[in-house]
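Next comes protein_4.txt, a file with compact mmCIF, C-alpha atoms.
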```
# COMPACT_ATOMS: atom_id res chain seq x y z
CA MET K 30 -69.12 9.85 18.84
CA ALA K 31 -66.93 8.90 15.89
CA GLU K 32 -65.82 12.52 15.49
CA GLU K 33 -64.84 12.68 19.20
CA SER K 34 -62.81 9.50 18.91
CA GLU K 35 -61.09 10.82 15.76
CA SER K 36 -60.29 14.08 17.49
CA SER K 37 -58.77 12.40 20.58
CA MET K 38 -56.73 10.14 18.29
CA SER K 39 -55.36 13.12 16.40
CA LYS K 40 -54.56 14.83 19.75
CA LEU K 41 -52.71 11.71 20.90
CA LEU K 42 -50.73 11.51 17.65
CA SER K 43 -49.94 15.21 17.78
CA GLY K 44 -48.76 14.81 21.41
CA LEU K 45 -46.57 11.85 20.50
CA GLY K 46 -45.19 13.83 17.54
CA GLY K 47 -44.37 16.68 19.88
CA ILE K 48 -42.53 14.36 22.29
CA PHE K 49 -40.62 12.79 19.37
CA THR K 50 -39.60 16.26 18.08
CA LYS K 51 -38.45 17.32 21.57
CA VAL K 52 -36.41 14.12 22.07
CA ARG K 53 -34.87 14.49 18.58
CA ASP K 54 -34.01 18.18 19.18
CA TRP K 55 -32.48 17.30 22.56
CA ILE K 56 -30.28 14.57 21.03
CA VAL K 57 -29.24 16.81 18.13
CA SER K 58 -28.40 19.79 20.39
CA ARG K 59 -26.43 17.71 22.93
CA SER K 60 -24.51 15.56 20.45
CA GLY K 61 -23.62 18.22 17.88
CA LEU K 62 -25.17 15.94 15.28
CA GLU K 63 -26.66 18.93 13.44
CA ASP K 64 -23.23 20.29 12.46
CA PHE K 65 -22.09 16.83 11.44
CA MET K 66 -25.22 16.13 9.37
CA GLY K 67 -25.11 19.58 7.75
CA GLU K 68 -21.47 19.09 6.79
CA THR K 69 -22.13 15.55 5.53
CA LYS K 70 -25.11 16.66 3.44
CA GLN K 71 -22.94 19.19 1.62
CA LYS K 72 -20.17 16.66 0.97
CA LYS K 73 -19.78 15.19 -2.50
CA VAL K 74 -17.91 12.08 -3.53
CA PRO K 75 -15.48 12.96 -6.37
CA LYS K 76 -16.33 11.50 -9.76
CA HIS K 77 -13.10 9.47 -10.08
CA ALA K 78 -13.79 7.80 -6.70
CA LEU K 79 -17.02 6.26 -7.95
CA ASN K 80 -14.86 3.55 -9.58
CA PRO K 81 -15.35 0.15 -7.82
CA VAL K 82 -11.63 -0.11 -6.97
CA TYR K 83 -12.19 2.77 -4.55
CA CYS K 84 -14.64 0.51 -2.65
CA LEU K 85 -11.93 -1.93 -1.52
CA GLY K 86 -11.25 -0.09 1.76
CA GLY K 87 -14.97 -0.25 2.54
CA VAL K 88 -15.08 -3.95 1.63
CA THR K 89 -12.17 -4.57 4.04
CA PHE K 90 -14.04 -2.72 6.79
CA VAL K 91 -17.26 -4.69 6.24
CA ALA K 92 -15.31 -7.97 6.31
CA LEU K 93 -13.61 -6.85 9.55
CA VAL K 94 -17.00 -6.10 11.14
CA VAL K 95 -18.24 -9.56 10.10
CA LEU K 96 -15.05 -11.04 11.61
CA GLY K 97 -15.64 -9.17 14.87
CA LEU K 98 -19.27 -10.28 15.19
CA THR K 99 -18.67 -13.94 14.33
CA GLY K 100 -15.51 -13.89 16.47
CA LEU K 101 -17.56 -12.81 19.50
CA TYR K 102 -19.84 -15.81 18.97
CA LEU K 103 -16.93 -18.24 18.53
CA ALA K 104 -14.98 -16.88 21.52
CA GLY K 105 -17.79 -18.06 23.78
CA LEU K 106 -17.43 -21.63 22.55
CA TYR K 107 -13.67 -21.99 22.05
CA ARG K 108 -11.43 -23.32 24.87
CA PRO K 109 -7.78 -22.18 24.57
CA THR K 110 -6.03 -25.20 26.06
CA VAL K 111 -3.88 -27.73 24.20
CA LEU K 112 -6.11 -30.60 25.30
CA GLU K 113 -9.44 -28.94 24.49
CA ALA K 114 -8.77 -26.53 21.58
CA GLN K 115 -9.21 -28.97 18.70
CA GLN K 116 -12.15 -30.68 20.39
CA SER K 117 -13.92 -27.40 21.17
CA ILE K 118 -13.58 -26.29 17.54
CA GLN K 119 -15.15 -29.53 16.38
CA GLN K 120 -17.93 -29.12 18.94
CA ILE K 121 -18.73 -25.63 17.61
CA SER K 122 -20.27 -27.36 14.57
CA ASP K 123 -22.78 -29.12 16.88
CA VAL K 124 -24.11 -25.85 18.32
CA PRO K 125 -26.92 -24.04 16.40
CA PHE K 126 -25.35 -21.88 13.66
CA GLY K 127 -21.93 -23.00 14.95
CA PHE K 128 -20.60 -24.42 11.71
CA TYR K 129 -22.03 -21.49 9.78
CA MET K 130 -20.39 -18.96 12.11
CA LYS K 131 -17.04 -20.78 11.91
CA SER K 132 -17.21 -20.89 8.13
CA ILE K 133 -18.23 -17.22 7.82
CA HIS K 134 -15.39 -16.23 10.19
CA SER K 135 -12.86 -18.10 8.10
CA TRP K 136 -14.09 -16.82 4.73
CA ALA K 137 -14.35 -13.25 6.01
CA ALA K 138 -10.68 -13.53 7.07
CA ASN K 139 -9.73 -14.59 3.54
CA LEU K 140 -11.77 -11.77 2.03
CA THR K 141 -10.18 -9.26 4.43
CA ILE K 142 -6.67 -10.21 3.33
CA ILE K 143 -7.51 -10.11 -0.39
CA ALA K 144 -9.38 -6.78 -0.05
CA ILE K 145 -6.72 -5.09 2.10
CA LEU K 146 -3.90 -6.18 -0.25
CA LEU K 147 -5.79 -4.87 -3.30
CA HIS K 148 -6.70 -1.65 -1.42
CA THR K 149 -3.03 -1.11 -0.50
CA LEU K 150 -2.02 -1.74 -4.11
CA ARG K 151 -4.61 0.77 -5.37
CA VAL K 152 -3.39 3.44 -2.94
CA PHE K 153 0.22 2.72 -3.99
CA ILE K 154 -0.47 2.81 -7.75
CA THR K 155 -2.45 6.07 -7.54
CA GLY K 156 0.24 7.62 -5.31
CA SER K 157 -2.39 8.49 -2.70
CA TYR K 158 0.11 8.14 0.16
CA LYS K 159 1.77 11.44 -0.72
CA LYS K 160 1.59 14.74 1.13
CA PRO K 161 -0.62 15.49 3.09
CA ARG K 162 -1.84 11.90 3.53
CA GLU K 163 1.26 10.36 5.19
CA PHE K 164 -0.62 9.48 8.40
CA THR K 165 -3.45 7.87 6.43
CA TRP K 166 -0.88 5.63 4.70
CA LEU K 167 1.07 4.86 7.91
CA SER K 168 -2.08 3.82 9.78
CA GLY K 169 -3.09 1.76 6.72
CA VAL K 170 0.24 -0.13 6.68
CA ILE K 171 -0.09 -0.79 10.43
CA LEU K 172 -3.64 -2.10 9.81
CA LEU K 173 -2.22 -4.36 7.06
CA VAL K 174 0.34 -5.81 9.49
CA LEU K 175 -2.33 -6.20 12.19
CA THR K 176 -4.63 -8.02 9.73
CA PHE K 177 -1.90 -10.52 8.82
CA SER K 178 -1.14 -10.95 12.54
CA PHE K 179 -4.85 -11.59 13.16
CA VAL K 180 -4.91 -14.35 10.56
CA LEU K 181 -1.62 -15.87 11.76
CA THR K 182 -2.69 -16.02 15.39
CA GLY K 183 -6.10 -17.35 14.34
CA TYR K 184 -4.26 -20.01 12.37
CA ILE K 185 -2.59 -21.30 15.55
CA LEU K 186 -5.83 -21.57 17.57
CA PRO K 187 -7.17 -24.89 16.19
CA MET K 188 -3.95 -26.62 17.42
CA ASP K 189 -4.03 -29.01 14.46
CA GLU K 190 -1.17 -30.11 12.21
CA ARG K 191 -1.22 -26.89 10.22
CA ALA K 192 -1.11 -24.84 13.41
CA ASP K 193 2.06 -26.71 14.46
CA VAL K 194 3.74 -25.96 11.10
CA THR K 195 2.74 -22.27 11.38
CA ARG K 196 4.07 -22.07 14.95
CA GLU K 197 7.38 -23.68 13.98
CA THR K 198 7.85 -21.44 10.94
CA LEU K 199 6.93 -18.33 12.93
CA SER K 200 9.35 -19.38 15.63
CA GLY K 201 12.08 -19.70 12.97
CA VAL K 202 11.20 -16.46 11.17
CA LEU K 203 11.18 -14.54 14.44
CA GLY K 204 14.18 -16.49 15.72
CA GLY K 205 16.54 -13.51 15.69
CA VAL K 206 13.96 -11.25 17.28
CA LYS K 207 13.64 -13.42 20.39
CA ASP K 208 17.07 -12.34 21.59
CA ILE K 209 16.27 -8.63 21.26
CA PRO K 210 15.17 -7.02 24.55
CA LEU K 211 11.49 -6.00 24.68
CA LEU K 212 10.72 -7.49 21.23
CA GLY K 213 11.92 -10.82 22.58
CA ASP K 214 9.52 -10.47 25.50
CA VAL K 215 6.60 -9.81 23.13
CA PHE K 216 7.39 -12.73 20.80
CA GLY K 217 9.07 -15.01 23.35
CA TRP K 218 5.91 -17.10 23.72
CA LEU K 219 6.52 -18.53 20.26
CA ALA K 220 9.64 -20.29 21.45
CA GLY K 221 7.85 -21.71 24.47
CA GLY K 222 5.77 -24.88 24.70
CA ALA K 223 2.54 -25.55 22.85
CA GLN K 224 0.33 -24.23 25.68
CA GLU K 225 2.38 -21.06 26.04
CA ALA K 226 2.14 -20.42 22.28
CA LEU K 227 -1.60 -21.11 22.29
CA THR K 228 -2.22 -18.79 25.25
CA GLY K 229 -0.12 -16.06 23.60
CA ALA K 230 -1.84 -16.44 20.23
CA TYR K 231 -5.31 -16.43 21.84
CA TRP K 232 -4.51 -13.40 23.97
CA LEU K 233 -3.24 -11.47 20.94
CA HIS K 234 -6.16 -12.64 18.77
CA VAL K 235 -8.97 -11.60 21.13
CA THR K 236 -7.55 -8.65 23.06
CA LEU K 237 -4.47 -6.77 21.82
CA LEU K 238 -5.04 -7.10 18.06
CA PRO K 239 -8.76 -6.11 18.13
CA LEU K 240 -7.96 -3.18 20.42
CA GLY K 241 -5.03 -2.02 18.26
CA GLY K 242 -7.05 -2.64 15.10
CA ALA K 243 -10.00 -0.58 16.36
CA LEU K 244 -7.74 2.31 17.43
CA PHE K 245 -5.86 2.47 14.14
CA LEU K 246 -9.10 2.04 12.17
CA VAL K 247 -10.64 5.06 13.94
CA PHE K 248 -7.44 7.04 13.31
CA HIS K 249 -7.41 5.92 9.64
CA PHE K 250 -11.04 7.09 9.16
CA TYR K 251 -10.31 10.35 10.97
CA MET K 252 -7.39 11.02 8.64
CA ILE K 253 -9.53 10.21 5.56
CA ARG K 254 -12.18 12.63 6.82
CA LYS K 255 -9.57 15.31 7.55
CA HIS K 256 -7.68 15.18 4.24
CA GLY K 257 -10.32 13.58 2.02
CA ILE K 258 -9.42 11.15 -0.71
CA SER K 259 -6.75 12.05 -3.25
CA GLY K 260 -7.62 13.79 -6.51
CA PRO K 261 -7.75 12.16 -9.94
CA LEU K 262 -4.45 11.21 -11.62
CA MET M 12 2.09 25.77 -7.89
CA ASN M 13 1.63 22.05 -8.44
CA GLN M 14 -0.29 21.80 -5.15
CA GLU M 15 -2.74 24.41 -6.43
CA VAL M 16 -3.37 22.40 -9.59
CA VAL M 17 -4.06 19.24 -7.54
CA GLU M 18 -6.47 21.05 -5.19
CA THR M 19 -8.39 22.60 -8.10
CA SER M 20 -8.74 19.22 -9.77
CA ILE M 21 -10.13 17.68 -6.55
CA GLU M 22 -12.71 20.48 -6.35
CA ASP M 23 -13.65 19.92 -9.98
CA ALA M 24 -13.95 16.20 -9.39
CA GLU M 25 -16.12 16.79 -6.31
CA GLU M 26 -18.29 19.27 -8.18
CA ALA M 27 -18.93 16.65 -10.86
CA GLY M 28 -19.33 13.95 -8.22
CA ARG M 29 -22.27 12.53 -6.35
CA PRO M 30 -23.78 13.77 -3.05
CA PHE M 31 -22.47 11.74 -0.11
CA LEU M 32 -25.86 11.79 1.62
CA PRO M 33 -28.08 10.06 0.68
CA ASN M 34 -26.90 8.83 -2.77
CA HIS M 35 -23.46 7.49 -1.88
CA VAL M 36 -24.54 6.17 1.54
CA VAL M 37 -27.37 4.17 -0.09
CA GLU M 38 -24.93 2.69 -2.61
CA GLU M 39 -22.46 1.84 0.16
CA MET M 40 -25.28 0.08 2.03
CA GLY M 41 -25.79 -1.96 -1.13
CA VAL M 42 -22.07 -2.86 -1.16
CA ILE M 43 -22.28 -3.88 2.52
CA PHE M 44 -25.25 -6.21 1.83
CA LEU M 45 -23.51 -7.58 -1.27
CA VAL M 46 -20.22 -8.32 0.56
CA THR M 47 -22.01 -9.86 3.56
CA GLY M 48 -24.22 -11.90 1.21
CA ILE M 49 -21.23 -13.20 -0.79
CA ILE M 50 -19.43 -14.24 2.44
CA MET M 51 -22.56 -16.01 3.70
CA ILE M 52 -23.19 -17.86 0.42
CA ILE M 53 -19.56 -19.04 0.12
CA ALA M 54 -19.50 -19.99 3.81
CA SER M 55 -22.57 -22.16 3.40
CA LEU M 56 -21.26 -23.88 0.27
CA LEU M 57 -17.55 -24.45 0.98
CA ARG M 58 -15.71 -25.64 4.06
CA PRO M 59 -12.74 -23.27 4.53
CA GLU M 60 -10.36 -26.08 5.56
CA GLU M 61 -11.00 -27.86 2.22
CA VAL M 62 -9.93 -24.83 0.19
CA GLY M 63 -6.94 -23.86 2.32
CA LEU M 64 -6.77 -20.22 1.21
CA PRO M 65 -4.86 -19.02 4.30
CA HIS M 66 -2.11 -21.41 3.30
CA ILE M 67 -1.75 -19.48 0.00
CA PHE M 68 -1.24 -16.20 1.86
CA PHE M 69 1.57 -17.60 4.01
CA ALA M 70 2.99 -20.21 1.63
CA GLY M 71 5.54 -17.66 0.36
CA ALA M 72 6.88 -16.96 3.85
CA HIS M 73 6.97 -20.71 4.65
CA GLU M 74 8.88 -21.45 1.45
CA MET M 75 11.33 -18.59 1.94
CA ALA M 76 12.00 -19.80 5.49
CA ASP M 77 12.73 -23.26 4.04
CA VAL M 78 14.91 -22.12 1.13
CA VAL M 79 16.95 -19.48 2.98
CA ALA M 80 17.52 -19.30 6.75
CA PRO M 81 14.26 -18.59 8.67
CA TRP M 82 15.77 -15.49 10.31
CA PHE M 83 16.61 -14.14 6.82
CA ALA M 84 12.99 -14.61 5.73
CA GLY M 85 11.96 -12.70 8.87
CA LEU M 86 14.45 -9.94 7.99
CA VAL M 87 13.06 -9.67 4.43
CA ILE M 88 9.48 -9.35 5.74
CA LEU M 89 10.62 -6.72 8.26
CA LEU M 90 12.41 -4.75 5.51
CA VAL M 91 9.29 -4.82 3.31
CA VAL M 92 7.19 -3.46 6.20
CA ILE M 93 9.80 -0.75 6.91
CA PHE M 94 9.86 0.13 3.18
CA LEU M 95 6.06 0.48 3.14
CA LEU M 96 6.08 2.62 6.30
CA ALA M 97 8.84 4.85 4.93
CA LEU M 98 7.34 5.14 1.42
CA PRO M 99 5.75 8.63 1.78
CA PHE M 100 9.07 9.96 3.09
CA LEU M 101 11.18 8.28 0.38
CA ASP M 102 8.92 9.18 -2.55
CA ARG M 103 8.61 12.91 -1.94
CA SER M 104 7.91 14.13 -5.48
CA GLU M 105 4.45 15.50 -6.20
CA GLU M 106 4.04 13.21 -9.21
CA ARG M 107 1.29 10.65 -8.64
CA HIS M 108 1.02 9.02 -12.03
CA PRO M 109 2.59 5.51 -11.86
CA PHE M 110 4.60 5.98 -15.09
CA LYS M 111 6.27 9.03 -13.56
CA ARG M 112 7.31 7.09 -10.41
CA LEU M 113 9.07 4.22 -12.16
CA LEU M 114 11.67 3.53 -9.44
CA PHE M 115 9.08 2.87 -6.74
CA ILE M 116 6.79 1.00 -9.13
CA ILE M 117 9.70 -1.29 -10.08
CA ILE M 118 10.61 -1.89 -6.40
CA MET M 119 6.98 -2.76 -5.60
CA LEU M 120 6.69 -5.02 -8.65
CA GLY M 121 9.90 -6.75 -7.51
CA ILE M 122 8.45 -7.36 -4.03
CA ILE M 123 5.20 -8.73 -5.51
CA LEU M 124 7.13 -10.92 -7.99
CA VAL M 125 9.36 -12.44 -5.27
CA TRP M 126 6.29 -13.07 -3.10
CA LEU M 127 4.40 -14.71 -6.00
CA VAL M 128 7.40 -16.92 -6.97
CA PHE M 129 7.86 -18.18 -3.39
CA THR M 130 4.08 -18.64 -3.02
CA ILE M 131 3.92 -20.77 -6.20
CA LEU M 132 6.98 -22.76 -5.11
CA GLY M 133 5.56 -23.27 -1.64
CA PHE M 134 1.98 -24.15 -2.47
```
Let me see whether you can do it: turn the structure in this file into structure tokens.
Amino acid sequence: MAEESESSMSKLLSGLGGIFTKVRDWIVSRSGLEDFMGETKQKKVPKHALNPVYCLGGVTFVALVVLGLTGLYLAGLYRPTVLEAQQSIQQISDVPFGFYMKSIHSWAANLTIIAILLHTLRVFITGSYKKPREFTWLSGVILLVLTFSFVLTGYILPMDERADVTRETLSGVLGGVKDIPLLGDVFGWLAGGAQEALTGAYWLHVTLLPLGGALFLVFHFYMIRKHGISGPL
Amino acid sequence: MNQEVVETSIEDAEEAGRPFLPNHVVEEMGVIFLVTGIIMIIASLLRPEEVGLPHIFFAGAHEMADVVAPWFAGLVILLVVIFLLALPFLDRSEERHPFKRLLFIIIMLGIILVWLVFTILGF
């Protein structure tokens, strides 16, 4: 009796194993994962790149992912109107994990800026922007600008005293740009009223900047994969 | 000729390097946990508004807008971004060592110095 039960159990496991193998083979054959995995297994990370300063791009990416995840949570609780913005941010702290999420979002933003600045400096000092990695550098600079824009627009969202100072300074700094066709249309909201500025900042912060950031990030990674990292000095 | 030397040195470096899968991936996972952990610990201990780090990052731009005309500060920032975008096309030599690219190193140091001075003045 015990032997029969053991035998049927082993048949069941073997059947399940067979199904698992078939599903795995199907996924691998349809997705081309085999080529990718084979290529990745053969790849080696150069010795000079094992230095921690070569991790700064990865640190920036991790911080950006943390920003994206906590941002999704916060976007559900934040209300982008002049009357409710400040209040809704205060109320986030009353929701479970709300304060924690807000704090993580803010600190991850700080870490992103520090990491991306140091990463850019490392790439500059090691001359890694040179031929054939021009596109990797260009997409990196665009990502740097987008990151600063992220933080600036996020800075306006609480609609507190500091947000007003930021909005006024930005309005002054971009003062000349407002009169330029097209560019003026993009940044014109800064010269408008508080609600117009808040709507513009929120729209940029949760739609255009994440979309642009994701696109350039994918392109940046594609370029790194295509040309690899630069050799030792 | 130079290009050949660079390519050979990359191959040598890769040969002496570490396999990407699984060794490097496992280490990168460690870095991911470490970074996330550091963010979570700091976030639970310090309120971001009490430290005011974002103000440090933009204090230089604020101060420059106060000292010179705001539009001029905007122009300076725009020129720095254009310089960074154009860098691979301006610095076309194959030399990568910083001491052999003194002009560009000095320009970058100048930009960082101006930014630091205005940040200290503004904070």
Identify all chain K residues at most 8 Å from chain M by counting only C-alpha atoms; ligands do not count. Present them as a ChimeraX atom specification.
-> /K:69-77,88,91-92,95,129,132-133,135-137,139,154-160,163,166-167,170,174,180,198,201-205,259-262
Figure out the distance between atom CA of Leu96 of chain K and atom CA of Glu113 of chain K, please, to one decimal in Å.
->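 These atoms are spaced 22.8 Å apart.
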When distances are computed from all atoms listed in the file, which of M:Leu90, M:Met40, M:Gly71, M:Leu113 shows the smallest separation from Leu132 of chain M?
-> M:Gly71
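From atom CA of His134 of chain K back to atom CA of His234 of chain K, the distance works out to 13.1 Å.
The gap separating atom CA of Ser39 of chain K from atom CA of Lys51 of chain K is 18.2 Å, in Å to one decimal.
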Which of these residues is nearest to Ile123 of chain M, using all atoms listed in the file: K:Leu150, K:Ala223, K:Leu175, K:Ile143?
->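 The answer is K:Leu150, which sits nearest to Ile123 of chain M.
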Find the residues around Val124 of chain K up to 12 Å (all atoms listed in the file counted), leave out those fewer than 5 positions away in its own chain, and share them as a short mmCIF file (atom, residue, chain, number, x, y, z; two decimals) with C-alpha atoms, in the frame of the given file.
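This went into part_20.cif:
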```
data_model
loop_
_atom_site.label_atom_id
_atom_site.label_comp_id
_atom_site.auth_asym_id
_atom_site.auth_seq_id
_atom_site.Cartn_x
_atom_site.Cartn_y
_atom_site.Cartn_z
CA TYR K 102 -19.84 -15.81 18.97
CA LEU K 103 -16.93 -18.24 18.53
CA GLY K 105 -17.79 -18.06 23.78
CA LEU K 106 -17.43 -21.63 22.55
CA TYR K 107 -13.67 -21.99 22.05
CA SER K 117 -13.92 -27.40 21.17
CA ILE K 118 -13.58 -26.29 17.54
CA GLN K 119 -15.15 -29.53 16.38
CA TYR K 129 -22.03 -21.49 9.78
CA MET K 130 -20.39 -18.96 12.11
CA LYS K 131 -17.04 -20.78 11.91
#
```
Segment 19-38 of chain M from the block above, N, CA, C and O atoms, as a PDB file, in the first residue's frame, please?
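Writing done, so here's decode.pdb:
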```pdb
ATOM      1  N   THR M  19      42.096  46.150 -27.294  1.00  0.00           N
ATOM      2  CA  THR M  19      42.831  45.041 -26.706  1.00  0.00           C
ATOM      3  C   THR M  19      42.793  45.153 -25.182  1.00  0.00           C
ATOM      4  O   THR M  19      42.575  44.175 -24.487  1.00  0.00           O
ATOM      5  N   SER M  20      42.949  46.360 -24.665  1.00  0.00           N
ATOM      6  CA  SER M  20      42.997  46.521 -23.220  1.00  0.00           C
ATOM      7  C   SER M  20      41.640  46.202 -22.595  1.00  0.00           C
ATOM      8  O   SER M  20      41.579  45.671 -21.497  1.00  0.00           O
ATOM      9  N   ILE M  21      40.539  46.496 -23.317  1.00  0.00           N
ATOM     10  CA  ILE M  21      39.210  46.142 -22.800  1.00  0.00           C
ATOM     11  C   ILE M  21      39.082  44.622 -22.729  1.00  0.00           C
ATOM     12  O   ILE M  21      38.624  44.068 -21.742  1.00  0.00           O
ATOM     13  N   GLU M  22      39.551  43.952 -23.793  1.00  0.00           N
ATOM     14  CA  GLU M  22      39.483  42.476 -23.809  1.00  0.00           C
ATOM     15  C   GLU M  22      40.284  41.882 -22.657  1.00  0.00           C
ATOM     16  O   GLU M  22      39.841  40.953 -21.986  1.00  0.00           O
ATOM     17  N   ASP M  23      41.488  42.463 -22.458  1.00  0.00           N
ATOM     18  CA  ASP M  23      42.323  41.974 -21.344  1.00  0.00           C
ATOM     19  C   ASP M  23      41.611  42.162 -20.018  1.00  0.00           C
ATOM     20  O   ASP M  23      41.610  41.267 -19.172  1.00  0.00           O
ATOM     21  N   ALA M  24      41.023  43.356 -19.869  1.00  0.00           N
ATOM     22  CA  ALA M  24      40.329  43.675 -18.614  1.00  0.00           C
ATOM     23  C   ALA M  24      39.153  42.736 -18.407  1.00  0.00           C
ATOM     24  O   ALA M  24      38.886  42.295 -17.289  1.00  0.00           O
ATOM     25  N   GLU M  25      38.450  42.417 -19.508  1.00  0.00           N
ATOM     26  CA  GLU M  25      37.294  41.511 -19.394  1.00  0.00           C
ATOM     27  C   GLU M  25      37.755  40.095 -19.053  1.00  0.00           C
ATOM     28  O   GLU M  25      37.126  39.401 -18.260  1.00  0.00           O
ATOM     29  N   GLU M  26      38.876  39.699 -19.682  1.00  0.00           N
ATOM     30  CA  GLU M  26      39.409  38.367 -19.440  1.00  0.00           C
ATOM     31  C   GLU M  26      39.742  38.190 -17.952  1.00  0.00           C
ATOM     32  O   GLU M  26      39.479  37.148 -17.360  1.00  0.00           O
ATOM     33  N   ALA M  27      40.300  39.258 -17.371  1.00  0.00           N
ATOM     34  CA  ALA M  27      40.691  39.202 -15.962  1.00  0.00           C
ATOM     35  C   ALA M  27      39.509  39.534 -15.044  1.00  0.00           C
ATOM     36  O   ALA M  27      39.648  39.526 -13.835  1.00  0.00           O
ATOM     37  N   GLY M  28      38.371  39.832 -15.644  1.00  0.00           N
ATOM     38  CA  GLY M  28      37.211  40.277 -14.862  1.00  0.00           C
ATOM     39  C   GLY M  28      36.418  39.139 -14.261  1.00  0.00           C
ATOM     40  O   GLY M  28      36.887  38.017 -14.145  1.00  0.00           O
ATOM     41  N   ARG M  29      35.176  39.467 -13.917  1.00  0.00           N
ATOM     42  CA  ARG M  29      34.330  38.513 -13.201  1.00  0.00           C
ATOM     43  C   ARG M  29      33.121  38.178 -14.066  1.00  0.00           C
ATOM     44  O   ARG M  29      32.583  39.071 -14.717  1.00  0.00           O
ATOM     45  N   PRO M  30      32.675  36.905 -14.076  1.00  0.00           N
ATOM     46  CA  PRO M  30      31.486  36.569 -14.882  1.00  0.00           C
ATOM     47  C   PRO M  30      30.279  37.422 -14.485  1.00  0.00           C
ATOM     48  O   PRO M  30      30.057  37.650 -13.288  1.00  0.00           O
ATOM     49  N   PHE M  31      29.549  37.899 -15.501  1.00  0.00           N
ATOM     50  CA  PHE M  31      28.377  38.743 -15.232  1.00  0.00           C
ATOM     51  C   PHE M  31      27.304  37.947 -14.501  1.00  0.00           C
ATOM     52  O   PHE M  31      26.711  38.420 -13.535  1.00  0.00           O
ATOM     53  N   LEU M  32      27.098  36.698 -15.015  1.00  0.00           N
ATOM     54  CA  LEU M  32      26.073  35.828 -14.429  1.00  0.00           C
ATOM     55  C   LEU M  32      26.740  34.569 -13.881  1.00  0.00           C
ATOM     56  O   LEU M  32      27.459  33.905 -14.637  1.00  0.00           O
ATOM     57  N   PRO M  33      26.624  34.208 -12.639  1.00  0.00           N
ATOM     58  CA  PRO M  33      25.765  34.851 -11.636  1.00  0.00           C
ATOM     59  C   PRO M  33      26.520  35.840 -10.718  1.00  0.00           C
ATOM     60  O   PRO M  33      25.897  36.585 -10.012  1.00  0.00           O
ATOM     61  N   ASN M  34      27.889  35.782 -10.744  1.00  0.00           N
ATOM     62  CA  ASN M  34      28.679  36.514  -9.743  1.00  0.00           C
ATOM     63  C   ASN M  34      28.312  37.996  -9.635  1.00  0.00           C
ATOM     64  O   ASN M  34      27.985  38.494  -8.553  1.00  0.00           O
ATOM     65  N   HIS M  35      28.382  38.695 -10.791  1.00  0.00           N
ATOM     66  CA  HIS M  35      28.156  40.139 -10.743  1.00  0.00           C
ATOM     67  C   HIS M  35      26.703  40.470 -10.409  1.00  0.00           C
ATOM     68  O   HIS M  35      26.425  41.418  -9.677  1.00  0.00           O
ATOM     69  N   VAL M  36      25.782  39.670 -10.971  1.00  0.00           N
ATOM     70  CA  VAL M  36      24.348  39.910 -10.721  1.00  0.00           C
ATOM     71  C   VAL M  36      24.052  39.780  -9.224  1.00  0.00           C
ATOM     72  O   VAL M  36      23.329  40.603  -8.648  1.00  0.00           O
ATOM     73  N   VAL M  37      24.643  38.742  -8.581  1.00  0.00           N
ATOM     74  CA  VAL M  37      24.422  38.548  -7.138  1.00  0.00           C
ATOM     75  C   VAL M  37      24.939  39.753  -6.364  1.00  0.00           C
ATOM     76  O   VAL M  37      24.276  40.264  -5.454  1.00  0.00           O
ATOM     77  N   GLU M  38      26.139  40.249  -6.756  1.00  0.00           N
ATOM     78  CA  GLU M  38      26.691  41.414  -6.053  1.00  0.00           C
ATOM     79  C   GLU M  38      25.815  42.664  -6.268  1.00  0.00           C
ATOM     80  O   GLU M  38      25.584  43.431  -5.341  1.00  0.00           O
TER      81      GLU M  38
END
```
